[in-house]
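The block underneath contains the structure these notes are about, expressed in structure tokens.
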Amino acid sequence: MLLIYTQKITPRITYVFKHICTHLLGISIKFTSKIEEFIAHDGAKLSYGKQALGNEFFIQMADLLLEQGFSEIDIKVQPWDDTICFFPLSEGSDLPFDIFSASFYLLSRYEEYLPHVKDEYGRFPAAESLGYQESFLHKPVVDIWAYKFRKILLERFPNFEHGEREYKTGTIIAAEHTFMFKNKGFLRSLIGLLSDLFQLNLGKVLDRLQVWIRVKQDPHDTFEDLIQLIKKHKLYMLFMFQLSDFSKYDRNISHNRIPHRAVIKSVADYAKVGLLLGYYAMDDIKDLRKEKLRMEDVIHSSVEHAMNHKYNLRLPDQYNNLIELEINNDHSMGYPDVIGFRAGTSSPFLFYDINMEVTTPLKVHPYAFNSNVVHTLSRTKLLEDLKRIIL
């Protein structure tokens, strides 16, 4: 166990210490604000404050974790070994920067609460982020810092017990359209055919006709093949299906279509299934509840996963709506158009609501690569960017 002394135990301190020490590093921790208890402790101990109490492991504190709400912060990024850091500290600290304040800044998405220029879709753009501006977006720096911190801690306390985490990757299939040509109704199908003819997209016209007469399989109907891959290679895949009402923004197949529902149900028998949020469900909890109930009616179990894959991730309101409806896993934390780690981590973390200053039960599962990026980059640039986040 690691005993941590800090003069004031705030919700922010509790949140970020538990994430780094317990969730990432497998270290059991205990907080104290009693100097006598801390000094009397014989095992591993760390003090987090303005000055060291003795010869314990000491990390000097920046002020961020003592504050409430948010305000403009002057961030100065500097090198640390083979990575970067910010919130630099004096030489008296055993780390050259406040790892806990820096991690909280990224995990809480502090910068997204501050004034910023939104993109054409009303989203927080990658270009406005510190990671993009300081060229560390391609690295999960919170995770890197945590393991460096553990290494230094073990040098001070060689017999210190800690856990090990298993590395694994996963794929999210965002099935906005379960079918490309089938089951869209006569009028929509006719309009699609006429549009393809008008644009002289004869290849698509031929594909559409072959699918209609059942000579060819619908291009989007690959779910049985994916299930076979899961069974054969024991892959982790999460399937997100959209069940919104048809609108200007949501063109998915009607939630009443039996083939659409059958696909979702069959996939749910072999893999995890979640809700791909419609445009209006992101802002209106009534629409979100309606879509959630539709999904539960199809899969006959509660909805545990949700994703906003292309629209504005409005914090903290959107996450609070998920929490209110007891959807406790979100997969929206990434940039739809840029490769990288939006929250500075590749690991799941609990969402911290800065407005309320509380750790919420919502677990955020970040992603680093959205396939939409493929259409905006050359093959060479795409491979270079992917290699940067892998190595």
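Labels for the structure tokens follow display order: chains A, B, ..., residues from 1 in each chain, ligands from 1.
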If you run DSSP over the backbone, which residues in range 142-332 of chain A end up alpha helix (DSSP H)? Put them as a PyMOL selection string. chain A and resi 142-156+186-198+202-212+223-233+258-268+285-299+317-324
Got a sec: who's within 8 Å of Arg12 in chain A, counting only C-alpha atoms, leaving out chain neighbours fewer than 5 positions off, as an mmCIF file with N, CA, C and O atoms, in the first residue's frame?
data_model
loop_
_atom_site.group_PDB
_atom_site.id
_atom_site.type_symbol
_atom_site.label_atom_id
_atom_site.label_comp_id
_atom_site.auth_asym_id
_atom_site.auth_seq_id
_atom_site.Cartn_x
_atom_site.Cartn_y
_atom_site.Cartn_z
ATOM 1 N N LEU A 65 -5.440 21.172 -8.747
ATOM 2 C CA LEU A 65 -6.285 20.196 -8.059
ATOM 3 C C LEU A 65 -6.908 20.746 -6.777
ATOM 4 O O LEU A 65 -7.715 20.062 -6.140
ATOM 5 N N LEU A 66 -6.539 21.976 -6.416
ATOM 6 C CA LEU A 66 -7.161 22.631 -5.262
ATOM 7 C C LEU A 66 -8.277 23.575 -5.690
ATOM 8 O O LEU A 66 -9.058 24.047 -4.860
ATOM 9 N N PHE A 104 -4.899 15.253 -14.866
ATOM 10 C CA PHE A 104 -6.273 15.736 -14.659
ATOM 11 C C PHE A 104 -6.686 16.697 -15.772
ATOM 12 O O PHE A 104 -7.818 16.639 -16.266
ATOM 13 N N GLU A 357 -17.886 19.042 -9.892
ATOM 14 C CA GLU A 357 -16.720 18.596 -9.120
ATOM 15 C C GLU A 357 -16.963 17.221 -8.491
ATOM 16 O O GLU A 357 -16.774 17.006 -7.293
ATOM 17 N N VAL A 358 -17.366 16.261 -9.342
ATOM 18 C CA VAL A 358 -17.602 14.896 -8.865
ATOM 19 C C VAL A 358 -17.066 13.892 -9.893
ATOM 20 O O VAL A 358 -17.044 14.161 -11.095
#
Excluding same-chain residues fewer than 6 positions from Asn159 in chain A, what lies within 12 Å of it counting only C-alpha atoms, as a list in words?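 So the residues in contact are Met1, Leu2, Gly43, Ala44 and Leu153 of chain A.
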Emit the selected residues as a short mmCIF file (atom, residue, chain, number, x, y, z; two decimals), in the first residue's frame, including C-alpha atoms.
data_model
loop_
_atom_site.label_atom_id
_atom_site.label_comp_id
_atom_site.auth_asym_id
_atom_site.auth_seq_id
_atom_site.Cartn_x
_atom_site.Cartn_y
_atom_site.Cartn_z
CA MET A 1 0.00 0.00 0.00
CA LEU A 2 1.13 3.55 -0.78
CA GLY A 43 6.06 1.46 4.25
CA ALA A 44 5.99 3.28 0.93
CA LEU A 153 8.76 4.94 -7.32
#
Mind pulling up the distance from CA of Asp245 in chain A to CA of Lys290 in chain A?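 So the two atoms, CA of Lys290 in chain A and CA of Asp245 in chain A, lie 9.7 Å apart.
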Length of the CA of Lys216 in chain A to CA of Val273 in chain A vector [Å]: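 Distance reported for this atom pair: 26.9 Å.
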